[in-house]
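Chemist: Sharing a structure with you now.
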Amino acid sequence: MSSIFDNAGNDSLALQYKEKEVEAAKYIHGVKSMEYFNSLLGACFMYEKYKFYEEAINGMNHLKDIHAEVWGEEDKYNYAMLVRTLAQFYSHASDNEMSIKTYKESIDLFKLIHAIDNEYALTLRFLASEYDDIGDNESSLYYQQKAIEVRRNIGDSDKYVNELYNAVLTLEQGNIKMVEEELVSMPDFVDNTSVAFVDIFKSIAFSYELQENLNRAMLYCDKALSILKEKGWDNTEKYAEVLGLKCRYQGHANLRNEAISTGKEGKHIYETLHVKSTNYADLLNDLAMSYIVLEDYEQAIQMLEVACSIYEDTSDWLSLAECLNNIGDCYQNKYDFDQAELYVQKSLSILSNNVSAEQYVTDAMNEMKRIELLSITQDRIERSKADHHSRLAMIYSKKGEIKRAIEEEKKAGKILQVMPNDQDFYNLHLIGLATLYRENEEFEEAIRCEEQSLKFWENLGQKDYIIATQYNLAITYFAKGDTIRAIEHIKNGILTSRSNDNKWLAEGMGLLAVLYWKSSRYEEAKVCLSESLDLIEEMLYQKIGDMTSEQKQRVWNHFRNLFFTYRDLIYENGGNGEDVARLYNYPKIRNYHPIHD
């Protein structure tokens, strides 16, 4: 069937000449002529291209009114297409209500003439996207599922697979589950080993990464790699790209040795193909993260420097800034604070002078999506700047330059304070700032920050942060010399933690023991420390069967940190080795883990 859209759009003349053409067609042939109809349709597409949405929509509504008289009453198919185009114009103009209403009108027209074809399926998907834009995930899932059913019934393999891909691109959990069910009962006409499924598997893996289900994310990476290998694509850039994703997920899952092995394989392919893409740089960055955790900083720096070079060559300034920041972390971990400062300062300079959110948004996106992505990207840039100031604060703190550290942390706070979606980060910043004030013996400022943070967490009912902030206040009062107020805050934290988490309770009892020791209340100190150690012992050994080796290590690390913290505090307050051994029941602890310090 011929379509009116074969003759529309694509006119490269200036808009004013198109408008003159429309007027000429109207004068010569009349408003009910094919010439006028096609000229106006072309003008509507030009209006839409140049974002004159009101003119485009008015023109399309006029074309609806005269369509039957120009094309005939029987031409329902092209009319349904015309209505769908009008819906797209409403969408581009960010009029979601009218867009949804008009898409539904188009769908009803297709159904009326029993045109349940690929264009009908495409309209269903457009409507699903519109619901996705307004956050109506249930309606979005419904229409996307209908689109997939139509593609399946038509039996067009390519379009069916493409519809699955469009469904997973939303990254909505409902859509992912739906596509997974489709994959299990794949129609016979589809080759489920086609390379086209690689992009679907990658998107599903990314969705599971967002859900922090790293095992499922890695599973879909393996599915994609299996297809590529079967098709002989195991030495291609696409294969290396999937290896890069798997390397990242393995790193996030703390499978560091596996991540390094996977990353090296991908790195070898990129080097063999002489490809220097941002995907390669991303792989090097993720590979470096595993080397950093394993404290192989030289290897990490080597990877990150190559990644930085690629990001700079491709003008990916945001990734370059973050990569330089990672190099700064390496030097900080090596206690080379001058080099660490140099790299973080360079990174911050790039964020301030080179990075623009506009660079990350293409003109091809509709206006609503573009504005949304601009906002997200700008937030990411601002948050990254705040993070850089906090990192500089940490570096200056370790260099003993506390006043400079405080100034940098204040800069981070100014950025975070005005970001509506980052109040959690702002309050975490307050805790960091309070620590610096305490270090600089500005106790009243530290207390002010911590009390402000405590009110925020109390309003949200965030028990973990409430407890942590109570303990921080106790440490500040303790450092100030006000042991009574310190004990008060520790007890408040303990009261909350008794109904919340044994880890916090163990830490609180241990801190309370130190404060009692400071007050020469030795018997009470012993009772508190005994309870603290018993709780840790319970976490370590009574529930050991439910713990992974990583969880056991984390609990033990927590125990070890408590031990050394309390030990040092006791020494600082006049205690000796015998006091430490007696308070901590040291022989019992040695039965479980060797401590010889």
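The chains in the structure tokens are called A, B, ... from first to last as shown; in each chain the residues are counted from 1, and the ligands are counted from 1 in the order shown.
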What lies within 12 Å of A:Glu312 using only C-alpha atoms, ignoring chain neighbours under 4 positions off, as a PyMOL selection string?

Modeler: chain A and resi 276-278+281+305-308+316-324+347+350+354-355

Chemist: Excluding A:Lys403 and any residue of its chain fewer than 3 positions from it, enumerate the residues within 10 Å of it, using only C-alpha atoms, and give them as a ChimeraX atom specification.

Modeler: /A:393,396-397,400,406-409,436-437,439-440

Chemist: Hey, which of A:Lys238, A:Arg521, A:Arg383, A:Lys414 ends up closest to A:Tyr270? Count only C-alpha atoms.

Modeler: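 Checking each candidate against A:Tyr270, we get A:Lys238 as the closest.
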
Chemist: Excluding A:Tyr47 and its own-chain neighbours fewer than 6 positions away, which residues fall within 8 Å of it when counting only C-alpha atoms? Please give them as JSON, numbers by chain.

Modeler: {"A": [15, 53, 55, 56]}

Chemist: If I take atom CA of A:Gln462 and atom CA of A:Glu450, how far is one from the other in Å, to one decimal?

Modeler: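 Atom-to-atom, atom CA of A:Gln462 and atom CA of A:Glu450 are spaced 14.7 Å apart.
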
Chemist: Quick one: everything within 12 Å of A:Leu214, counting only C-alpha atoms, minus sequence neighbours fewer than 3 positions away in the same chain. Send it as a ChimeraX atom specification.

Modeler: /A:204-211,217-221,245-255

Chemist: Find the residues around stretch 181-190 of chain A up to 9 Å (only C-alpha atoms counted), leave out those fewer than 3 positions away in its own chain, and share them as a list in words.

Modeler: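 The neighbour list is Arg152, Gly155, Asp156, Ser157, Asp158, Tyr160, Val161, Leu164, Ile176, Lys177, Met178, Thr193 and Ser194 of chain A.
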
Chemist: With N, CA, C and O atoms retained, could you export that selection as a PDB file, in the first residue's frame?

Modeler:
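As a result, selection.pdb now contains:
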```pdb
ATOM      1  N   ARG A 152       5.872 -11.250  17.461  1.00  0.00           N
ATOM      2  CA  ARG A 152       5.961 -12.714  17.507  1.00  0.00           C
ATOM      3  C   ARG A 152       4.950 -13.352  16.556  1.00  0.00           C
ATOM      4  O   ARG A 152       5.258 -14.296  15.829  1.00  0.00           O
ATOM      5  N   GLY A 155       5.899 -13.115  12.902  1.00  0.00           N
ATOM      6  CA  GLY A 155       6.927 -14.086  12.543  1.00  0.00           C
ATOM      7  C   GLY A 155       8.138 -13.488  11.858  1.00  0.00           C
ATOM      8  O   GLY A 155       8.899 -14.195  11.189  1.00  0.00           O
ATOM      9  N   ASP A 156       8.324 -12.182  12.011  1.00  0.00           N
ATOM     10  CA  ASP A 156       9.499 -11.506  11.440  1.00  0.00           C
ATOM     11  C   ASP A 156      10.615 -11.560  12.479  1.00  0.00           C
ATOM     12  O   ASP A 156      10.593 -10.821  13.464  1.00  0.00           O
ATOM     13  N   SER A 157      11.612 -12.405  12.257  1.00  0.00           N
ATOM     14  CA  SER A 157      12.647 -12.659  13.257  1.00  0.00           C
ATOM     15  C   SER A 157      13.396 -11.389  13.654  1.00  0.00           C
ATOM     16  O   SER A 157      13.567 -11.096  14.826  1.00  0.00           O
ATOM     17  N   ASP A 158      13.833 -10.635  12.646  1.00  0.00           N
ATOM     18  CA  ASP A 158      14.649  -9.442  12.930  1.00  0.00           C
ATOM     19  C   ASP A 158      13.878  -8.424  13.766  1.00  0.00           C
ATOM     20  O   ASP A 158      14.397  -7.883  14.745  1.00  0.00           O
ATOM     21  N   TYR A 160      11.227  -8.951  15.616  1.00  0.00           N
ATOM     22  CA  TYR A 160      10.904  -9.527  16.924  1.00  0.00           C
ATOM     23  C   TYR A 160      12.084  -9.349  17.879  1.00  0.00           C
ATOM     24  O   TYR A 160      11.918  -8.892  19.020  1.00  0.00           O
ATOM     25  N   VAL A 161      13.271  -9.684  17.427  1.00  0.00           N
ATOM     26  CA  VAL A 161      14.465  -9.538  18.264  1.00  0.00           C
ATOM     27  C   VAL A 161      14.711  -8.067  18.584  1.00  0.00           C
ATOM     28  O   VAL A 161      15.076  -7.713  19.708  1.00  0.00           O
ATOM     29  N   LEU A 164      12.510  -7.018  21.394  1.00  0.00           N
ATOM     30  CA  LEU A 164      13.044  -7.456  22.679  1.00  0.00           C
ATOM     31  C   LEU A 164      14.131  -6.494  23.156  1.00  0.00           C
ATOM     32  O   LEU A 164      14.204  -6.141  24.337  1.00  0.00           O
ATOM     33  N   ILE A 176      12.555  -6.440  32.006  1.00  0.00           N
ATOM     34  CA  ILE A 176      13.635  -7.429  31.997  1.00  0.00           C
ATOM     35  C   ILE A 176      13.060  -8.823  32.245  1.00  0.00           C
ATOM     36  O   ILE A 176      13.402  -9.788  31.545  1.00  0.00           O
ATOM     37  N   LYS A 177      12.178  -8.927  33.218  1.00  0.00           N
ATOM     38  CA  LYS A 177      11.566 -10.219  33.532  1.00  0.00           C
ATOM     39  C   LYS A 177      10.775 -10.733  32.336  1.00  0.00           C
ATOM     40  O   LYS A 177      10.825 -11.926  31.995  1.00  0.00           O
ATOM     41  N   MET A 178      10.018  -9.834  31.685  1.00  0.00           N
ATOM     42  CA  MET A 178       9.231 -10.221  30.524  1.00  0.00           C
ATOM     43  C   MET A 178      10.117 -10.760  29.400  1.00  0.00           C
ATOM     44  O   MET A 178       9.829 -11.794  28.797  1.00  0.00           O
ATOM     45  N   THR A 193      20.837 -18.169  18.794  1.00  0.00           N
ATOM     46  CA  THR A 193      22.297 -18.030  18.885  1.00  0.00           C
ATOM     47  C   THR A 193      22.789 -16.885  17.999  1.00  0.00           C
ATOM     48  O   THR A 193      23.989 -16.760  17.754  1.00  0.00           O
ATOM     49  N   SER A 194      21.845 -16.067  17.515  1.00  0.00           N
ATOM     50  CA  SER A 194      22.222 -14.937  16.666  1.00  0.00           C
ATOM     51  C   SER A 194      23.017 -13.905  17.460  1.00  0.00           C
ATOM     52  O   SER A 194      22.763 -13.679  18.649  1.00  0.00           O
TER      53      SER A 194
END
```

Chemist: Write out as a list in words each polymer residue whose atoms come within 8 Å of A:Asn96, counting only C-alpha atoms; drop sequence neighbours fewer than 5 positions from it.

Modeler: Tyr90, Ser91, Glu130 and Ile134 of chain A
